[in-house]
file start22.txt (compact mmCIF, C-alpha atoms)
# COMPACT_ATOMS: atom_id res chain seq x y z
CA MET A 237 -38.16 -18.79 38.22
CA SER A 238 -38.33 -16.60 41.32
CA SER A 239 -37.99 -12.83 40.88
CA LYS A 240 -36.17 -12.48 44.22
CA LYS A 241 -32.63 -11.16 44.10
CA ILE A 242 -29.50 -12.71 45.57
CA ILE A 243 -26.36 -10.72 46.32
CA PHE A 244 -22.98 -12.41 46.76
CA PHE A 245 -20.20 -10.66 48.65
CA ASP A 246 -16.49 -11.42 48.67
CA ILE A 247 -14.92 -10.94 52.11
CA ASP A 248 -11.39 -9.50 52.06
CA GLY A 249 -11.36 -6.03 50.51
CA THR A 250 -15.12 -6.17 49.95
CA LEU A 251 -17.04 -6.84 53.17
CA LEU A 252 -13.97 -6.27 55.33
CA ASP A 253 -11.66 -3.27 54.99
CA HIS A 254 -7.85 -3.38 55.01
CA ASP A 255 -7.85 -3.67 58.80
CA LYS A 256 -10.28 -6.62 58.50
CA LYS A 257 -13.07 -4.56 60.02
CA LEU A 258 -16.70 -4.60 58.87
CA PRO A 259 -17.79 -1.02 58.13
CA ALA A 260 -20.98 0.01 59.97
CA SER A 261 -22.54 1.14 56.68
CA THR A 262 -21.95 -2.33 55.21
CA LYS A 263 -23.57 -4.13 58.15
CA ASP A 264 -26.56 -1.78 57.95
CA ALA A 265 -26.88 -2.21 54.18
CA ILE A 266 -26.93 -6.00 54.45
CA SER A 267 -29.54 -5.86 57.19
CA ARG A 268 -31.71 -3.70 54.94
CA LEU A 269 -31.22 -6.03 51.98
CA LYS A 270 -32.53 -8.93 54.03
CA ALA A 271 -35.42 -6.84 55.37
CA ASN A 272 -36.35 -6.11 51.75
CA GLY A 273 -36.66 -9.85 51.15
CA HIS A 274 -33.45 -10.46 49.20
CA TYR A 275 -31.08 -13.39 49.64
CA VAL A 276 -27.58 -12.52 50.88
CA ALA A 277 -24.61 -14.86 50.48
CA ILE A 278 -20.82 -14.89 50.85
CA ALA A 279 -18.43 -15.92 48.06
CA THR A 280 -14.84 -16.18 49.26
CA GLY A 281 -11.54 -17.95 48.81
CA ARG A 282 -11.43 -18.46 52.56
CA ALA A 283 -12.14 -21.75 54.32
CA PRO A 284 -15.51 -22.07 56.12
CA PHE A 285 -13.79 -22.06 59.52
CA MET A 286 -12.10 -18.74 58.69
CA PHE A 287 -15.30 -16.67 58.56
CA GLU A 288 -17.68 -18.27 61.07
CA ASP A 289 -17.79 -15.10 63.19
CA LEU A 290 -18.65 -12.97 60.16
CA ARG A 291 -21.46 -15.33 59.13
CA ARG A 292 -22.91 -15.13 62.61
CA GLU A 293 -22.60 -11.34 62.77
CA LEU A 294 -24.42 -10.91 59.46
CA SER A 295 -26.79 -13.89 59.91
CA ILE A 296 -25.75 -15.38 56.56
CA ASP A 297 -26.26 -19.11 56.06
CA THR A 298 -25.49 -19.46 52.36
CA PHE A 299 -21.84 -19.35 51.37
CA ILE A 300 -19.35 -20.27 48.68
CA SER A 301 -15.96 -21.06 50.17
CA TYR A 302 -12.61 -22.13 48.75
CA ASN A 303 -13.37 -20.18 45.55
CA GLY A 304 -16.33 -22.43 44.77
CA GLN A 305 -15.05 -25.83 45.92
CA TYR A 306 -17.24 -26.13 49.03
CA VAL A 307 -20.70 -24.56 49.11
CA GLU A 308 -23.44 -24.61 51.75
CA HIS A 309 -27.03 -23.37 51.67
CA ASN A 310 -29.03 -23.24 54.91
CA GLY A 311 -26.50 -25.51 56.62
CA GLU A 312 -26.53 -28.15 53.89
CA MET A 313 -23.55 -28.93 51.66
CA ILE A 314 -24.52 -28.52 48.00
CA VAL A 315 -21.04 -28.54 46.38
CA SER A 316 -18.01 -30.61 47.38
CA ASN A 317 -15.15 -30.55 44.88
CA PRO A 318 -11.85 -31.56 46.55
CA LEU A 319 -8.42 -31.48 44.96
CA HIS A 320 -7.24 -34.47 42.91
CA TYR A 321 -5.31 -36.63 45.41
CA ASP A 322 -2.57 -38.03 43.13
CA SER A 323 -1.87 -34.58 41.68
CA LEU A 324 -1.68 -33.11 45.19
CA LYS A 325 0.85 -35.78 46.12
CA GLN A 326 2.93 -34.83 43.07
CA LEU A 327 2.61 -31.12 43.88
CA THR A 328 3.87 -31.79 47.40
CA GLU A 329 6.94 -33.54 46.00
CA SER A 330 7.63 -30.82 43.40
CA ALA A 331 7.25 -28.01 45.94
CA ALA A 332 9.61 -29.71 48.37
CA VAL A 333 12.38 -29.68 45.76
CA LYS A 334 12.01 -25.88 45.48
CA ASN A 335 11.61 -25.36 49.24
CA HIS A 336 8.08 -24.03 48.69
CA PRO A 337 5.91 -24.91 51.71
CA LEU A 338 2.24 -25.89 51.48
CA VAL A 339 -0.83 -25.53 53.67
CA TYR A 340 -3.53 -28.16 53.09
CA MET A 341 -7.06 -26.91 53.77
CA GLY A 342 -9.90 -29.29 54.64
CA LYS A 343 -13.50 -28.57 55.57
CA SER A 344 -12.81 -27.82 59.23
CA GLU A 345 -9.07 -27.26 59.66
CA MET A 346 -5.77 -26.66 57.89
CA LYS A 347 -2.30 -28.14 58.24
CA ALA A 348 1.13 -27.02 57.02
CA ASN A 349 3.71 -29.48 55.71
CA VAL A 350 6.51 -27.56 57.47
CA GLU A 351 6.77 -26.57 61.12
CA GLU A 352 7.21 -22.87 60.43
CA HIS A 353 8.09 -20.61 57.54
CA ASP A 354 8.37 -16.83 57.10
CA ARG A 355 6.12 -16.83 54.02
CA ILE A 356 3.33 -18.65 55.85
CA THR A 357 3.61 -16.27 58.78
CA ALA A 358 3.59 -13.14 56.59
CA SER A 359 0.60 -14.14 54.48
CA PHE A 360 -1.55 -15.33 57.39
CA ASN A 361 -0.69 -12.24 59.43
CA SER A 362 -2.13 -10.15 56.57
CA LEU A 363 -5.53 -11.83 57.09
CA LYS A 364 -5.66 -10.79 60.76
CA ILE A 365 -7.52 -13.96 61.76
CA LYS A 366 -7.28 -16.23 64.77
CA SER A 367 -6.82 -19.38 62.68
CA PHE A 368 -3.25 -20.45 61.95
CA PRO A 369 -2.16 -23.75 60.42
CA THR A 370 -0.60 -26.37 62.65
CA HIS A 371 1.98 -28.87 61.42
CA ASP A 372 0.92 -32.19 59.92
CA PRO A 373 2.54 -33.15 56.58
CA SER A 374 0.35 -36.27 56.34
CA TYR A 375 -2.98 -34.43 56.65
CA PHE A 376 -3.79 -34.57 52.94
CA HIS A 377 -3.63 -38.38 52.98
CA MET A 378 -6.46 -38.54 55.52
CA GLU A 379 -8.90 -35.75 54.63
CA GLU A 380 -10.45 -34.28 51.51
CA ILE A 381 -8.52 -31.10 50.67
CA TYR A 382 -10.51 -28.34 48.96
CA GLN A 383 -7.71 -25.85 48.56
CA THR A 384 -3.97 -25.77 49.14
CA LEU A 385 -1.84 -22.71 49.68
CA LEU A 386 1.49 -22.75 47.85
CA PHE A 387 4.05 -20.31 49.17
CA CYS A 388 6.22 -18.85 46.42
CA GLU A 389 7.05 -15.40 45.10
CA GLY A 390 7.09 -13.45 41.86
CA ASN A 391 5.82 -15.56 38.98
CA GLU A 392 7.09 -18.87 40.37
CA GLU A 393 3.60 -20.38 40.21
CA GLU A 394 3.70 -20.31 36.39
CA ALA A 395 5.94 -23.39 36.26
CA TYR A 396 3.46 -25.28 38.45
CA ASP A 397 0.54 -24.10 36.31
CA GLU A 398 2.16 -25.62 33.23
CA LYS A 399 2.88 -28.91 34.98
CA PHE A 400 -0.38 -29.60 36.85
CA GLU A 401 -3.40 -29.82 34.55
CA HIS A 402 -5.79 -30.71 37.39
CA PHE A 403 -5.07 -27.47 39.27
CA ASP A 404 -5.47 -23.72 38.85
CA PHE A 405 -3.06 -21.38 40.66
CA ILE A 406 -4.42 -17.98 41.73
CA ARG A 407 -2.22 -15.47 43.55
CA TRP A 408 -3.80 -13.80 46.57
CA HIS A 409 -0.69 -12.50 48.38
CA PRO A 410 2.84 -11.54 47.24
CA GLN A 411 4.08 -14.75 48.88
CA SER A 412 1.18 -17.14 48.39
CA VAL A 413 -1.14 -18.62 45.75
CA ASP A 414 -4.39 -20.57 46.07
CA VAL A 415 -4.34 -24.01 44.48
CA ILE A 416 -7.86 -25.11 43.46
CA PRO A 417 -9.32 -27.70 41.09
CA ALA A 418 -8.89 -26.70 37.44
CA GLY A 419 -11.90 -24.79 36.18
CA GLY A 420 -13.22 -24.23 39.69
CA SER A 421 -14.40 -20.73 40.55
CA LYS A 422 -16.85 -18.71 42.59
CA ALA A 423 -18.91 -18.47 39.40
CA LYS A 424 -19.41 -22.25 39.35
CA GLY A 425 -20.54 -22.15 42.97
CA ILE A 426 -23.01 -19.39 42.18
CA GLU A 427 -24.52 -21.48 39.37
CA LYS A 428 -25.28 -24.26 41.86
CA VAL A 429 -26.78 -21.90 44.46
CA ILE A 430 -29.15 -20.24 42.02
CA GLU A 431 -30.14 -23.65 40.66
CA VAL A 432 -31.15 -24.69 44.18
CA LEU A 433 -33.03 -21.42 44.70
CA SER A 434 -34.60 -21.44 41.20
CA LEU A 435 -33.27 -17.97 40.44
CA ASN A 436 -32.49 -16.43 37.06
CA MET A 437 -28.93 -15.12 36.56
CA GLU A 438 -30.41 -11.70 35.77
CA ASN A 439 -31.41 -11.51 39.45
CA VAL A 440 -27.89 -12.25 40.69
CA TYR A 441 -25.55 -9.51 41.93
CA ALA A 442 -21.96 -9.87 43.12
CA PHE A 443 -19.40 -7.60 44.77
CA GLY A 444 -15.67 -8.31 44.63
CA ASP A 445 -12.22 -6.78 44.39
CA GLY A 446 -9.62 -9.45 43.58
CA LEU A 447 -8.27 -11.74 40.90
CA ASN A 448 -10.38 -14.62 42.22
CA ASP A 449 -13.53 -12.50 41.69
CA ILE A 450 -13.08 -11.93 37.95
CA GLU A 451 -15.18 -14.86 36.70
CA MET A 452 -17.86 -14.17 39.28
CA LEU A 453 -18.16 -10.50 38.36
CA ALA A 454 -18.23 -11.29 34.64
CA SER A 455 -20.79 -14.11 34.82
CA VAL A 456 -23.53 -12.75 37.10
CA GLY A 457 -26.30 -10.47 35.96
CA HIS A 458 -24.76 -7.51 37.78
CA GLY A 459 -21.08 -7.51 38.73
CA ILE A 460 -19.89 -4.67 40.96
CA ALA A 461 -16.20 -4.04 41.66
CA MET A 462 -14.91 -2.24 44.72
CA GLY A 463 -13.08 1.04 44.25
CA ASN A 464 -10.06 -0.52 45.98
CA GLY A 465 -10.17 -3.53 43.63
CA CYS A 466 -7.62 -4.62 41.07
CA ASN A 467 -7.96 -3.37 37.50
CA GLU A 468 -8.87 -6.83 36.22
CA ALA A 469 -11.85 -7.01 38.59
CA LYS A 470 -13.01 -3.56 37.57
CA GLU A 471 -12.80 -4.48 33.90
CA ALA A 472 -14.91 -7.61 34.49
CA ALA A 473 -17.61 -5.74 36.41
CA ASP A 474 -20.58 -3.76 35.13
CA PHE A 475 -19.53 -0.81 37.27
CA THR A 476 -17.17 0.18 40.07
CA THR A 477 -18.41 1.50 43.39
CA ALA A 478 -16.46 3.39 46.09
CA ALA A 479 -13.73 1.71 48.15
CA VAL A 480 -14.66 -0.64 50.98
CA ASP A 481 -13.75 1.97 53.62
CA LYS A 482 -15.69 4.71 51.78
CA ASP A 483 -19.12 3.04 52.14
CA GLY A 484 -18.58 1.21 48.86
CA ILE A 485 -21.07 -1.60 49.57
CA ALA A 486 -23.89 0.75 50.54
CA GLU A 487 -23.17 3.02 47.56
CA GLY A 488 -23.00 0.09 45.14
CA LEU A 489 -26.28 -1.37 46.36
CA LYS A 490 -28.01 2.00 45.97
CA ARG A 491 -26.60 2.44 42.48
CA ALA A 492 -27.82 -1.06 41.59
CA GLY A 493 -31.31 -0.13 42.77
CA LEU A 494 -31.34 -2.60 45.64
CA LEU A 495 -31.53 -0.05 48.47

call {"tool": "encode", "arguments": {"input": "start22.txt", "output": "structure tokens"}}
result
Amino acid sequence: MSSKKIIFFDIDGTLLDHDKKLPASTKDAISRLKANGHYVAIATGRAPFMFEDLRRELSIDTFISYNGQYVEHNGEMIVSNPLHYDSLKQLTESAAVKNHPLVYMGKSEMKANVEEHDRITASFNSLKIKSFPTHDPSYFHMEEIYQTLLFCEGNEEEAYDEKFEHFDFIRWHPQSVDVIPAGGSKAKGIEKVIEVLSLNMENVYAFGDGLNDIEMLASVGHGIAMGNGCNEAKEAADFTTAAVDKDGIAEGLKRAGLL
């Protein structure tokens, strides 16, 4: 097993602040990590096409996307775990009855099953990204779908969770939840990456802030929660660093002995 370290970073609320900006201290810290010979990777719920610019800016070519359902290392796909087609068809029918729109997310694009909806607009506006789903309700019949966004509020996803055994439902916005394959997580993606790199879990570090980071933070050798993170993420981590906009990445890496 190699003694090199690998550090996984979530994007929203971890690498990027609340204005979706990359703090200068974070960019510098990642550059120094790489100069010190460590591997640096991204672990996000986002689609690959939603963080291409960030990958280029940080020169990162290993990433876990869709909360572990699609993973690449050095430009090669090493995990592909799409949603169960028949269950997705049933979910589409169930959501239509409740007037809950869906966005189907493939490897390179995403399509909504309605032409426009306030919940879709509100949640995507919060990401401050250029990508926005176009309308094609038949998209999921033609492409492998790695994640679907279900737009509902409150605890409405609980009824779906009970009904669909092939899916997990993880809320990421007051009006939207991620739908991923049951049991899928960033942690599973990390296991595959370190297998490819012949690394020991003790040499794996991860930074995150959200509900979809809990398993990752709990399973790696060193889980570090952001100061702006949710309580559940902080409880799963080994320690909590400062907030993303308070040089939290740089501080956390120093505290972990990596800088």

call {"tool": "closest_atom_pairs", "arguments": {"input": "start22.txt", "of": "stretch 321-407 of chain A", "to": "stretch 246-255 of chain A", "cutoff": "12 Å", "atoms": "all atoms listed in the file", "output": "JSON lines"}}
result
{"residue": "A:Asn361", "atom": "CA", "partner": "A:Asp255", "partner_atom": "CA", "distance": 11.2}
{"residue": "A:Ser362", "atom": "CA", "partner": "A:Asp255", "partner_atom": "CA", "distance": 8.9}
{"residue": "A:Leu363", "atom": "CA", "partner": "A:Asp248", "partner_atom": "CA", "distance": 8.1}
{"residue": "A:Lys364", "atom": "CA", "partner": "A:Asp255", "partner_atom": "CA", "distance": 7.7}
{"residue": "A:Ile365", "atom": "CA", "partner": "A:Asp255", "partner_atom": "CA", "distance": 10.7}

call {"tool": "residues_around", "arguments": {"input": "start22.txt", "residues": "stretch 471-482 of chain A", "least_positions_apart": "5", "cutoff": "10 Å", "atoms": "only C-alpha atoms", "output": "PyMOL selection string"}}
result
chain A and resi 248-255+257-262+442-445+449-466+487-492

call {"tool": "axis_aligned_box", "arguments": {"input": "start22.txt", "around": "stretch 240-250 of chain A", "padding_each_side": "4 Å", "output": "AutoDock Vina command-line options"}}
result
--center_x -23.8 --center_y -9.4 --center_z 48.1 --size_x 32.8 --size_y 14.7 --size_z 16.0

call {"tool": "closest_residue", "arguments": {"input": "start22.txt", "among": "A:Phe285, A:Arg268, A:Glu394, A:Val315", "to": "A:Phe368", "atoms": "all atoms listed in the file"}}
result
A:Phe285

call {"tool": "closest_residue", "arguments": {"input": "start22.txt", "among": "A:Ile300, A:Met437, A:Leu386, A:Ile426", "to": "A:Ile356", "atoms": "all atoms listed in the file"}}
result
A:Leu386

call {"tool": "closest_residue", "arguments": {"input": "start22.txt", "among": "A:Asn448, A:Ser434, A:Asn310, A:Ser421", "to": "A:His409", "atoms": "only C-alpha atoms"}}
result
A:Asn448

call {"tool": "atom_distance", "arguments": {"input": "start22.txt", "atom1": "atom CA of A:Ser344", "atom2": "atom CA of A:Tyr396"}}
result
26.5 Å

call {"tool": "atom_distance", "arguments": {"input": "start22.txt", "atom1": "atom CA of A:Pro417", "atom2": "atom CA of A:Met313"}}
result
17.8 Å

call {"tool": "closest_residue", "arguments": {"input": "start22.txt", "among": "A:Asp297, A:Asp372, A:Glu431, A:Glu398", "to": "A:Ile278", "atoms": "only C-alpha atoms"}}
result
A:Asp297

call {"tool": "residues_around", "arguments": {"input": "start22.txt", "residues": "A:Asn272", "least_positions_apart": "5", "cutoff": "10 Å", "atoms": "all atoms listed in the file", "output": "short mmCIF file (atom, residue, chain, number, x, y, z; two decimals) with C-alpha atoms, in the coordinates of the input"}}
result
data_model
loop_
_atom_site.label_atom_id
_atom_site.label_comp_id
_atom_site.auth_asym_id
_atom_site.auth_seq_id
_atom_site.Cartn_x
_atom_site.Cartn_y
_atom_site.Cartn_z
CA LYS A 240 -36.17 -12.48 44.22
CA LYS A 241 -32.63 -11.16 44.10
CA ILE A 266 -26.93 -6.00 54.45
CA SER A 267 -29.54 -5.86 57.19
CA LEU A 494 -31.34 -2.60 45.64
CA LEU A 495 -31.53 -0.05 48.47
#

call {"tool": "atom_distance", "arguments": {"input": "start22.txt", "atom1": "atom CA of A:Asn439", "atom2": "atom CA of A:Asn467"}}
result
24.9 Å

call {"tool": "residues_around", "arguments": {"input": "start22.txt", "residues": "A:Ile314", "least_positions_apart": "2", "cutoff": "12 Å", "atoms": "all atoms listed in the file", "output": "list of chain:residue names"}}
result
A:Thr298, A:Phe299, A:Ile300, A:Ser301, A:Gly304, A:Gln305, A:Tyr306, A:Val307, A:Glu308, A:His309, A:Asn310, A:Gly311, A:Glu312, A:Ser316, A:Asn317, A:Lys424, A:Gly425, A:Ile426, A:Glu427, A:Lys428, A:Val429, A:Ile430, A:Glu431, A:Val432, A:Leu433
